[in-house]
file model_1.pdb (PDB, C-alpha atoms, pLDDT in the B column)
ATOM      1  CA  MET A 115      58.149  35.573  68.899  1.00 49.00           C
ATOM      2  CA  GLN A 116      59.406  37.165  65.716  1.00 52.00           C
ATOM      3  CA  GLU A 117      63.001  38.380  65.614  1.00 55.00           C
ATOM      4  CA  GLN A 118      62.129  41.598  63.802  1.00 59.00           C
ATOM      5  CA  SER A 119      61.740  44.950  65.525  1.00 66.00           C
ATOM      6  CA  ASP A 120      59.207  45.491  68.267  1.00 73.00           C
ATOM      7  CA  ASN A 121      56.961  47.349  65.862  1.00 87.00           C
ATOM      8  CA  TYR A 122      57.131  45.213  62.702  1.00 90.00           C
ATOM      9  CA  TRP A 123      57.034  41.553  61.727  1.00 92.00           C
ATOM     10  CA  LYS A 124      58.233  40.118  58.426  1.00 91.00           C
ATOM     11  CA  ASP A 125      55.625  38.247  56.377  1.00 90.00           C
ATOM     12  CA  PRO A 126      56.324  35.228  54.059  1.00 91.00           C
ATOM     13  CA  ARG A 127      57.165  37.633  51.202  1.00 91.00           C
ATOM     14  CA  GLY A 128      59.730  39.469  53.305  1.00 89.00           C
ATOM     15  CA  ARG A 129      57.573  42.588  53.738  1.00 91.00           C
ATOM     16  CA  LEU A 130      57.515  44.362  57.096  1.00 92.00           C
ATOM     17  CA  VAL A 131      54.030  44.486  58.591  1.00 92.00           C
ATOM     18  CA  PRO A 132      53.157  46.719  61.564  1.00 92.00           C
ATOM     19  CA  ILE A 133      52.239  44.628  64.612  1.00 91.00           C
ATOM     20  CA  SER A 134      49.135  46.750  65.015  1.00 91.00           C
ATOM     21  CA  MET A 135      47.922  45.296  61.703  1.00 92.00           C
ATOM     22  CA  ILE A 136      48.445  41.665  62.804  1.00 92.00           C
ATOM     23  CA  SER A 137      45.451  40.014  64.463  1.00 94.00           C
ATOM     24  CA  GLU A 138      45.755  38.611  67.975  1.00 94.00           C
ATOM     25  CA  ILE A 139      45.093  35.040  66.811  1.00 96.00           C
ATOM     26  CA  ASP A 140      47.918  35.319  64.240  1.00 93.00           C
ATOM     27  CA  GLN A 141      50.275  36.531  66.962  1.00 92.00           C
ATOM     28  CA  GLN A 142      49.258  33.674  69.264  1.00 94.00           C
ATOM     29  CA  ARG A 143      49.723  31.151  66.476  1.00 94.00           C
ATOM     30  CA  ASP A 144      53.190  32.543  65.758  1.00 93.00           C
ATOM     31  CA  GLN A 145      54.130  32.273  69.431  1.00 93.00           C
ATOM     32  CA  LEU A 146      52.890  28.660  69.705  1.00 96.00           C
ATOM     33  CA  VAL A 147      54.699  27.541  66.559  1.00 96.00           C
ATOM     34  CA  ARG A 148      57.963  29.135  67.657  1.00 93.00           C
ATOM     35  CA  GLU A 149      57.740  27.648  71.146  1.00 95.00           C
ATOM     36  CA  LEU A 150      57.179  24.166  69.701  1.00 95.00           C
ATOM     37  CA  ALA A 151      60.066  24.612  67.272  1.00 95.00           C
ATOM     38  CA  THR A 152      62.390  25.640  70.097  1.00 95.00           C
ATOM     39  CA  ALA A 153      61.321  22.648  72.203  1.00 96.00           C
ATOM     40  CA  ALA A 154      61.857  20.333  69.212  1.00 94.00           C
ATOM     41  CA  LYS A 155      65.371  21.691  68.623  1.00 95.00           C
ATOM     42  CA  ASN A 156      66.229  21.191  72.292  1.00 95.00           C
ATOM     43  CA  LEU A 157      64.911  17.629  72.127  1.00 94.00           C
ATOM     44  CA  ARG A 158      66.931  16.973  68.970  1.00 93.00           C
ATOM     45  CA  GLU A 159      70.090  18.156  70.712  1.00 94.00           C
ATOM     46  CA  SER A 160      69.342  15.885  73.683  1.00 94.00           C
ATOM     47  CA  MET A 161      68.793  12.914  71.366  1.00 93.00           C
ATOM     48  CA  GLN A 162      72.031  13.644  69.507  1.00 92.00           C
ATOM     49  CA  ALA A 163      73.895  13.809  72.804  1.00 94.00           C
ATOM     50  CA  PHE A 164      72.274  10.518  73.908  1.00 93.00           C
ATOM     51  CA  LYS A 165      73.284   8.773  70.668  1.00 91.00           C
ATOM     52  CA  ILE A 166      76.879   9.937  70.946  1.00 90.00           C
ATOM     53  CA  GLN A 167      77.096   8.891  74.594  1.00 92.00           C
ATOM     54  CA  ALA A 168      75.369   5.541  74.013  1.00 92.00           C
ATOM     55  CA  MET A 169      77.603   4.635  71.088  1.00 88.00           C
ATOM     56  CA  GLY A 170      80.669   5.675  73.051  1.00 89.00           C
ATOM     57  CA  ASP A 171      79.578   3.547  76.000  1.00 91.00           C
ATOM     58  CA  VAL A 172      78.989   0.515  73.760  1.00 89.00           C
ATOM     59  CA  GLN A 173      82.368   0.909  72.069  1.00 85.00           C
ATOM     60  CA  ALA A 174      84.083   1.308  75.434  1.00 87.00           C
ATOM     61  CA  PHE A 175      82.396  -1.893  76.640  1.00 89.00           C
ATOM     62  CA  CYS A 176      83.502  -3.738  73.479  1.00 86.00           C
ATOM     63  CA  ASP A 177      87.064  -2.605  74.135  1.00 83.00           C
ATOM     64  CA  LEU A 178      86.797  -3.807  77.729  1.00 86.00           C
ATOM     65  CA  SER A 179      85.406  -7.164  76.603  1.00 85.00           C
ATOM     66  CA  ALA A 180      88.161  -7.561  74.002  1.00 80.00           C
ATOM     67  CA  GLU A 181      90.837  -6.833  76.604  1.00 80.00           C
ATOM     68  CA  LYS A 182      89.779  -9.999  78.428  1.00 78.00           C
ATOM     69  CA  TYR A 183      91.221 -11.905  75.486  1.00 76.00           C
ATOM     70  CA  LYS A 184      94.136  -9.518  74.976  1.00 70.00           C
ATOM     71  CA  VAL A 185      92.676  -8.285  71.705  1.00 65.00           C
ATOM     72  CA  ALA A 186      92.387  -4.646  70.646  1.00 62.00           C
ATOM     73  CA  TYR A 187      89.544  -3.653  68.339  1.00 56.00           C
ATOM     74  CA  GLY A 188      91.115  -0.499  66.971  1.00 50.00           C
ATOM     75  CA  GLY A 189      89.503   1.717  64.347  1.00 48.00           C
ATOM     76  CA  GLN A 190      85.787   2.040  63.737  1.00 54.00           C
ATOM     77  CA  LYS A 191      83.593  -0.567  65.335  1.00 55.00           C
ATOM     78  CA  GLY A 192      81.336  -2.731  63.182  1.00 65.00           C
ATOM     79  CA  ASN A 193      77.913  -4.186  63.877  1.00 83.00           C
ATOM     80  CA  VAL A 194      77.441  -4.927  67.574  1.00 88.00           C
ATOM     81  CA  GLN A 195      74.613  -6.437  69.603  1.00 91.00           C
ATOM     82  CA  LEU A 196      74.429  -6.392  73.409  1.00 93.00           C
ATOM     83  CA  VAL A 197      71.693  -8.164  75.369  1.00 94.00           C
ATOM     84  CA  SER A 198      70.760  -7.801  79.027  1.00 95.00           C
ATOM     85  CA  PHE A 199      71.322 -10.791  81.327  1.00 95.00           C
ATOM     86  CA  ASP A 200      67.623 -11.699  81.304  1.00 93.00           C
ATOM     87  CA  GLY A 201      67.316 -11.168  77.553  1.00 93.00           C
ATOM     88  CA  ALA A 202      64.634  -8.520  78.001  1.00 94.00           C
ATOM     89  CA  ILE A 203      66.570  -5.638  76.428  1.00 95.00           C
ATOM     90  CA  LYS A 204      68.720  -5.584  73.323  1.00 95.00           C
ATOM     91  CA  VAL A 205      70.999  -2.804  72.058  1.00 94.00           C
ATOM     92  CA  GLN A 206      72.221  -2.811  68.473  1.00 92.00           C
ATOM     93  CA  ILE A 207      74.715  -0.679  66.611  1.00 90.00           C
ATOM     94  CA  ALA A 208      74.492  -1.307  62.881  1.00 88.00           C
ATOM     95  CA  ILE A 209      76.566   0.188  60.102  1.00 85.00           C
ATOM     96  CA  SER A 210      74.818   0.443  56.751  1.00 82.00           C
ATOM     97  CA  GLU A 211      77.027   0.966  53.720  1.00 78.00           C
ATOM     98  CA  HIS A 212      75.832   2.985  50.732  1.00 81.00           C
ATOM     99  CA  LEU A 213      76.817   1.328  47.474  1.00 83.00           C
ATOM    100  CA  SER A 214      77.267   2.759  44.019  1.00 84.00           C
ATOM    101  CA  PHE A 215      78.324   1.330  40.654  1.00 87.00           C
ATOM    102  CA  ASP A 216      80.938   2.659  38.257  1.00 87.00           C
ATOM    103  CA  GLU A 217      81.042   2.463  34.423  1.00 88.00           C
ATOM    104  CA  ARG A 218      81.554  -1.311  34.505  1.00 88.00           C
ATOM    105  CA  LEU A 219      77.862  -1.698  35.282  1.00 88.00           C
ATOM    106  CA  GLN A 220      77.152  -0.693  31.664  1.00 87.00           C
ATOM    107  CA  ALA A 221      79.427  -3.498  30.460  1.00 89.00           C
ATOM    108  CA  ALA A 222      77.402  -5.903  32.577  1.00 88.00           C
ATOM    109  CA  LYS A 223      74.175  -4.577  31.082  1.00 86.00           C
ATOM    110  CA  ARG A 224      75.464  -5.112  27.531  1.00 87.00           C
ATOM    111  CA  LEU A 225      76.392  -8.709  28.318  1.00 88.00           C
ATOM    112  CA  ILE A 226      73.000  -9.295  29.877  1.00 86.00           C
ATOM    113  CA  ASP A 227      71.293  -7.733  26.842  1.00 83.00           C
ATOM    114  CA  GLU A 228      73.160 -10.224  24.638  1.00 83.00           C
ATOM    115  CA  CYS A 229      71.894 -13.058  26.801  1.00 83.00           C
ATOM    116  CA  LEU A 230      68.303 -11.853  26.666  1.00 79.00           C
ATOM    117  CA  THR A 231      68.473 -11.458  22.871  1.00 78.00           C
ATOM    118  CA  ASP A 232      69.699 -15.031  22.419  1.00 78.00           C
ATOM    119  CA  TRP A 233      67.260 -16.405  24.951  1.00 75.00           C
ATOM    120  CA  THR A 234      64.185 -14.831  23.356  1.00 66.00           C
ATOM    121  CA  GLY A 235      61.545 -17.499  23.180  1.00 60.00           C
ATOM    122  CA  GLU A 236      63.458 -19.708  25.585  1.00 57.00           C
ATOM    123  CA  SER A 237      63.771 -17.777  28.840  1.00 56.00           C
ATOM    124  CA  ARG A 238      60.785 -17.221  31.071  1.00 60.00           C
ATOM    125  CA  ASP A 239      59.124 -13.824  31.031  1.00 64.00           C
ATOM    126  CA  GLU A 240      59.626 -13.574  34.793  1.00 62.00           C
ATOM    127  CA  ILE A 241      63.416 -13.604  34.384  1.00 68.00           C
ATOM    128  CA  LYS A 242      63.262 -10.972  31.652  1.00 71.00           C
ATOM    129  CA  THR A 243      61.129  -8.750  33.875  1.00 71.00           C
ATOM    130  CA  ILE A 244      63.491  -9.137  36.845  1.00 71.00           C
ATOM    131  CA  VAL A 245      66.512  -8.301  34.689  1.00 75.00           C
ATOM    132  CA  LEU A 246      64.970  -5.304  32.926  1.00 72.00           C
ATOM    133  CA  ASP A 247      63.531  -3.881  36.171  1.00 76.00           C
ATOM    134  CA  ALA A 248      66.930  -4.095  37.857  1.00 79.00           C
ATOM    135  CA  PHE A 249      68.391  -1.467  35.545  1.00 81.00           C
ATOM    136  CA  GLN A 250      65.518   0.993  35.880  1.00 77.00           C
ATOM    137  CA  VAL A 251      66.339   4.266  37.650  1.00 71.00           C
ATOM    138  CA  ASP A 252      64.180   6.167  40.124  1.00 69.00           C
ATOM    139  CA  LYS A 253      63.041   9.782  39.834  1.00 70.00           C
ATOM    140  CA  GLU A 254      66.462  10.974  41.022  1.00 66.00           C
ATOM    141  CA  GLY A 255      68.200   8.870  38.365  1.00 69.00           C
ATOM    142  CA  ARG A 256      69.574   6.365  40.876  1.00 74.00           C
ATOM    143  CA  ILE A 257      69.908   2.629  40.338  1.00 78.00           C
ATOM    144  CA  ASN A 258      68.259   0.329  42.878  1.00 80.00           C
ATOM    145  CA  THR A 259      71.287  -1.495  44.324  1.00 82.00           C
ATOM    146  CA  GLY A 260      69.120  -4.227  45.834  1.00 83.00           C
ATOM    147  CA  ARG A 261      67.715  -5.223  42.441  1.00 82.00           C
ATOM    148  CA  ILE A 262      71.139  -5.185  40.809  1.00 86.00           C
ATOM    149  CA  LEU A 263      72.612  -7.389  43.528  1.00 84.00           C
ATOM    150  CA  GLY A 264      69.556  -9.635  43.268  1.00 84.00           C
ATOM    151  CA  LEU A 265      70.621 -10.601  39.734  1.00 85.00           C
ATOM    152  CA  ARG A 266      73.636 -12.380  41.217  1.00 84.00           C
ATOM    153  CA  ARG A 267      71.316 -14.823  42.977  1.00 82.00           C
ATOM    154  CA  LEU A 268      69.851 -16.104  39.717  1.00 82.00           C
ATOM    155  CA  ASN A 269      71.168 -19.580  38.883  1.00 83.00           C
ATOM    156  CA  ILE A 270      72.292 -19.000  35.283  1.00 83.00           C
ATOM    157  CA  SER A 271      75.415 -20.694  33.899  1.00 84.00           C
ATOM    158  CA  ASP A 272      75.804 -18.864  30.578  1.00 85.00           C
ATOM    159  CA  ASP A 273      79.406 -17.619  30.311  1.00 89.00           C
ATOM    160  CA  ARG A 274      78.281 -14.113  29.322  1.00 88.00           C
ATOM    161  CA  TRP A 275      75.951 -13.982  32.311  1.00 89.00           C
ATOM    162  CA  LEU A 276      78.740 -15.056  34.645  1.00 90.00           C
ATOM    163  CA  ARG A 277      81.029 -12.376  33.198  1.00 91.00           C
ATOM    164  CA  ALA A 278      78.244  -9.834  33.660  1.00 90.00           C
ATOM    165  CA  MET A 279      77.890 -10.819  37.307  1.00 90.00           C
ATOM    166  CA  GLN A 280      81.643 -10.420  37.760  1.00 91.00           C
ATOM    167  CA  ALA A 281      81.458  -6.978  36.148  1.00 90.00           C
ATOM    168  CA  ILE A 282      78.711  -6.030  38.615  1.00 90.00           C
ATOM    169  CA  ALA A 283      80.861  -7.213  41.530  1.00 90.00           C
ATOM    170  CA  ASP A 284      83.866  -5.271  40.224  1.00 91.00           C
ATOM    171  CA  SER A 285      81.824  -2.115  39.653  1.00 89.00           C
ATOM    172  CA  MET A 286      80.559  -1.882  43.241  1.00 87.00           C
ATOM    173  CA  GLN A 287      81.959   0.945  45.346  1.00 86.00           C
ATOM    174  CA  VAL A 288      81.221   1.950  48.935  1.00 81.00           C
ATOM    175  CA  ILE A 289      80.525   5.687  48.792  1.00 84.00           C
ATOM    176  CA  GLY A 290      79.563   6.174  52.425  1.00 81.00           C
ATOM    177  CA  SER A 291      78.085   4.609  55.510  1.00 80.00           C
ATOM    178  CA  LYS A 292      75.621   5.455  58.249  1.00 84.00           C
ATOM    179  CA  THR A 293      75.602   4.200  61.814  1.00 86.00           C
ATOM    180  CA  TYR A 294      72.310   3.290  63.489  1.00 88.00           C
ATOM    181  CA  LEU A 295      71.626   2.867  67.198  1.00 90.00           C
ATOM    182  CA  ARG A 296      68.585   0.745  67.994  1.00 92.00           C
ATOM    183  CA  ILE A 297      67.279  -0.362  71.377  1.00 94.00           C
ATOM    184  CA  TYR A 298      64.666  -3.099  71.771  1.00 95.00           C
ATOM    185  CA  GLU A 299      62.552  -4.429  74.628  1.00 95.00           C
ATOM    186  CA  ARG A 300      60.693  -7.729  74.771  1.00 94.00           C
ATOM    187  CA  ASP A 301      56.905  -7.551  74.869  1.00 93.00           C
ATOM    188  CA  MET A 302      54.474  -9.923  76.585  1.00 92.00           C
ATOM    189  CA  LEU A 303      54.770 -12.363  73.668  1.00 92.00           C
ATOM    190  CA  GLY A 304      58.541 -12.466  73.889  1.00 91.00           C
ATOM    191  CA  LYS A 305      59.111 -10.503  70.684  1.00 94.00           C
ATOM    192  CA  TYR A 306      61.609  -7.655  70.568  1.00 94.00           C
ATOM    193  CA  GLN A 307      59.919  -4.322  69.949  1.00 94.00           C
ATOM    194  CA  PRO A 308      61.933  -1.165  69.207  1.00 92.00           C
ATOM    195  CA  ILE A 309      61.906   1.603  71.811  1.00 92.00           C
ATOM    196  CA  ALA A 310      60.675   4.322  69.480  1.00 88.00           C
ATOM    197  CA  LEU A 311      62.762   7.506  69.330  1.00 86.00           C
ATOM    198  CA  ASP A 312      60.970   8.748  66.212  1.00 82.00           C
ATOM    199  CA  LEU A 313      58.096  11.162  66.898  1.00 80.00           C
ATOM    200  CA  ALA A 314      56.089   9.656  64.045  1.00 77.00           C
ATOM    201  CA  ALA A 315      56.366   6.200  65.632  1.00 76.00           C
ATOM    202  CA  LEU A 316      55.142   7.260  69.081  1.00 72.00           C
TER     203      LEU A 316
END
call {"tool": "encode", "arguments": {"input": "model_1.pdb", "output": "structure tokens"}}
result
Amino acid sequence: MQEQSDNYWKDPRGRLVPISMISEIDQQRDQLVRELATAAKNLRESMQAFKIQAMGDVQAFCDLSAEKYKVAYGGQKGNVQLVSFDGAIKVQIAISEHLSFDERLQAAKRLIDECLTDWTGESRDEIKTIVLDAFQVDKEGRINTGRILGLRRLNISDDRWLRAMQAIADSMQVIGSKTYLRIYERDMLGKYQPIALDLAAL
């Protein structure tokens, strides 16, 4: 129920409304919503506790396994995959790094622009589109790192292009990382399916 006084509830505008003026169905709706929110918060805390425990257990097992070879992992663990003896269940811990680019990316873009200017009429339109799209920003003004890194896979030997690719490599910076815990189970067809812990996926 509402946390205001026993006689008044606060409405969305912050005004105090006498309970006597609030219909029964509105009061029941408020109670249901708050009960569901409380249950969801409790579930979230349980899932957080499970993730912490599961990751700790996996790291402890990795340490134990390494000790067999007299090796110490030390520090933060990287990507790990554990599979049950029968292969039916798979546990993965994956670390995803968030990349950013510094001012050297603009130097790369200028070199690439020079290439495109000289290649006009010679290069295929598909390559031009790939290159130009790579430097587009999204609504938040962020560069798509996947498209930028995709330029490095193009087989182009022009010296300016190669210097641009080196500038891209030099401009990359890891600004953060996120650790994911995923658990899979094999289905009847032998394919690994994730054990969904996301309400939307259930």
call {"tool": "residues_near_point", "arguments": {"input": "model_1.pdb", "point": "(72.4, -8.2, 76.9)", "cutoff": "12 Å", "atoms": "all atoms listed in the file", "output": "list in words"}}
result
Val172, Phe175, Val194, Gln195, Leu196, Val197, Ser198, Phe199, Asp200, Gly201, Ala202, Ile203, Lys204, Val205, Gln206, Ile297, Tyr298, Glu299 and Arg300 of chain A
call {"tool": "residues_around", "arguments": {"input": "model_1.pdb", "residues": "Ile282 (chain A)", "least_positions_apart": "5", "cutoff": "7 Å", "atoms": "all atoms listed in the file", "output": "list of chain:residue names"}}
result
A:Arg218, A:Leu219, A:Ala222
call {"tool": "write_last_selection", "arguments": {"input": "model_1.pdb", "atoms": "C-alpha atoms", "output": "PDB file, keeping the file's coordinate frame"}}
result
ATOM      1  CA  ARG A 218      81.554  -1.311  34.505  1.00 88.00           C
ATOM      2  CA  LEU A 219      77.862  -1.698  35.282  1.00 88.00           C
ATOM      3  CA  ALA A 222      77.402  -5.903  32.577  1.00 88.00           C
TER       4      ALA A 222
END
call {"tool": "atom_distance", "arguments": {"input": "model_1.pdb", "atom1": "CA of Gly264 (chain A)", "atom2": "CA of Ile207 (chain A)"}}
result
25.5 Å
call {"tool": "atom_distance", "arguments": {"input": "model_1.pdb", "atom1": "CA of Asn269 (chain A)", "atom2": "CA of Leu213 (chain A)"}}
result
23.3 Å
call {"tool": "resolve_selection", "arguments": {"input": "model_1.pdb", "expression": "the PyMOL selection byres ((chain A and resi 284) around 9)", "output": "ChimeraX atom specification"}}
result
/A:215-216,218-219,279-283,285-287
call {"tool": "resolve_selection", "arguments": {"input": "model_1.pdb", "expression": "the PyMOL selection byres ((chain A and resi 211) around 12)", "output": "PyMOL selection string"}}
result
chain A and resi 192-193+208-210+212-214+259+286-294
call {"tool": "atom_distance", "arguments": {"input": "model_1.pdb", "atom1": "CA of Leu313 (chain A)", "atom2": "CA of Asp301 (chain A)"}}
result
20.4 Å
call {"tool": "closest_residue", "arguments": {"input": "model_1.pdb", "among": "A:Gln167, A:Lys223, A:Ile139, A:Leu146", "to": "Arg277 (chain A)", "atoms": "all atoms listed in the file"}}
result
A:Lys223
call {"tool": "resolve_selection", "arguments": {"input": "model_1.pdb", "expression": "the PyMOL selection byres ((chain A and resi 274) around 9)", "output": "list in words"}}
result
Ala222, Leu225, Ile226, Glu228, Cys229, Ser271, Asp272, Asp273, Trp275, Leu276, Arg277, Ala278 and Met279 of chain A
call {"tool": "axis_aligned_box", "arguments": {"input": "model_1.pdb", "around": "region 132-140 of chain A", "padding_each_side": "5 Å", "output": "AutoDock Vina command-line options"}}
result
--center_x 49.1 --center_y 40.9 --center_z 64.8 --size_x 18.1 --size_y 21.7 --size_z 16.4
call {"tool": "build_atoms", "arguments": {"input": "model_1.pdb", "residues": "region 240-273 of chain A", "atoms": "N, CA and C atoms", "output": "compact mmCIF listing (two decimals), in the frame of the given file"}}
result
# COMPACT_ATOMS: atom_id res chain seq x y z
N GLU A 240 59.33 -14.07 33.45
CA GLU A 240 59.63 -13.57 34.79
C GLU A 240 61.09 -13.14 34.91
N ILE A 241 61.99 -13.94 34.32
CA ILE A 241 63.42 -13.60 34.38
C ILE A 241 63.69 -12.32 33.61
N LYS A 242 63.08 -12.19 32.44
CA LYS A 242 63.26 -10.97 31.65
C LYS A 242 62.81 -9.75 32.44
N THR A 243 61.66 -9.87 33.10
CA THR A 243 61.13 -8.75 33.88
C THR A 243 62.06 -8.38 35.02
N ILE A 244 62.57 -9.39 35.73
CA ILE A 244 63.49 -9.14 36.84
C ILE A 244 64.73 -8.41 36.35
N VAL A 245 65.28 -8.89 35.22
CA VAL A 245 66.51 -8.30 34.69
C VAL A 245 66.29 -6.87 34.23
N LEU A 246 65.23 -6.65 33.46
CA LEU A 246 64.97 -5.30 32.93
C LEU A 246 64.64 -4.32 34.04
N ASP A 247 63.89 -4.77 35.05
CA ASP A 247 63.53 -3.88 36.17
C ASP A 247 64.76 -3.48 36.97
N ALA A 248 65.74 -4.36 37.04
CA ALA A 248 66.93 -4.10 37.86
C ALA A 248 67.67 -2.86 37.38
N PHE A 249 67.62 -2.58 36.09
CA PHE A 249 68.39 -1.47 35.54
C PHE A 249 67.57 -0.18 35.41
N GLN A 250 66.33 -0.22 35.89
CA GLN A 250 65.52 0.99 35.88
C GLN A 250 66.02 1.97 36.95
N VAL A 251 65.92 3.26 36.68
CA VAL A 251 66.34 4.27 37.65
C VAL A 251 65.11 4.92 38.27
N ASP A 252 65.29 5.48 39.48
CA ASP A 252 64.18 6.17 40.12
C ASP A 252 64.10 7.62 39.63
N LYS A 253 63.25 8.40 40.28
CA LYS A 253 63.04 9.78 39.83
C LYS A 253 64.30 10.62 39.94
N GLU A 254 65.20 10.25 40.85
CA GLU A 254 66.46 10.97 41.02
C GLU A 254 67.56 10.42 40.12
N GLY A 255 67.21 9.44 39.27
CA GLY A 255 68.20 8.87 38.36
C GLY A 255 69.13 7.86 39.02
N ARG A 256 68.72 7.32 40.17
CA ARG A 256 69.57 6.36 40.88
C ARG A 256 69.15 4.93 40.60
N ILE A 257 70.15 4.06 40.53
CA ILE A 257 69.91 2.63 40.34
C ILE A 257 69.55 1.99 41.68
N ASN A 258 68.62 1.06 41.67
CA ASN A 258 68.26 0.33 42.88
C ASN A 258 69.31 -0.76 43.11
N THR A 259 70.19 -0.55 44.09
CA THR A 259 71.29 -1.50 44.32
C THR A 259 70.77 -2.88 44.70
N GLY A 260 69.66 -2.93 45.43
CA GLY A 260 69.12 -4.23 45.83
C GLY A 260 68.73 -5.07 44.64
N ARG A 261 68.12 -4.46 43.63
CA ARG A 261 67.72 -5.22 42.44
C ARG A 261 68.93 -5.68 41.64
N ILE A 262 69.93 -4.80 41.54
CA ILE A 262 71.14 -5.18 40.81
C ILE A 262 71.81 -6.38 41.49
N LEU A 263 71.97 -6.29 42.80
CA LEU A 263 72.61 -7.39 43.53
C LEU A 263 71.76 -8.65 43.48
N GLY A 264 70.45 -8.48 43.35
CA GLY A 264 69.56 -9.64 43.27
C GLY A 264 69.80 -10.47 42.03
N LEU A 265 70.32 -9.85 40.96
CA LEU A 265 70.62 -10.60 39.73
C LEU A 265 71.67 -11.69 39.99
N ARG A 266 72.56 -11.43 40.94
CA ARG A 266 73.64 -12.38 41.22
C ARG A 266 73.13 -13.66 41.87
N ARG A 267 71.88 -13.63 42.34
CA ARG A 267 71.32 -14.82 42.98
C ARG A 267 70.64 -15.75 41.97
N LEU A 268 70.48 -15.27 40.73
CA LEU A 268 69.85 -16.10 39.72
C LEU A 268 70.82 -17.20 39.29
N ASN A 269 70.32 -18.42 39.22
CA ASN A 269 71.17 -19.58 38.88
C ASN A 269 71.23 -19.74 37.37
N ILE A 270 72.12 -18.98 36.74
CA ILE A 270 72.29 -19.00 35.28
C ILE A 270 73.77 -19.27 34.99
N SER A 271 74.03 -20.26 34.12
CA SER A 271 75.42 -20.69 33.90
C SER A 271 76.03 -20.18 32.60
N ASP A 272 75.28 -19.41 31.82
CA ASP A 272 75.80 -18.86 30.58
C ASP A 272 77.07 -18.06 30.87
N ASP A 273 78.13 -18.28 30.07
CA ASP A 273 79.41 -17.62 30.31
C ASP A 273 79.27 -16.10 30.30
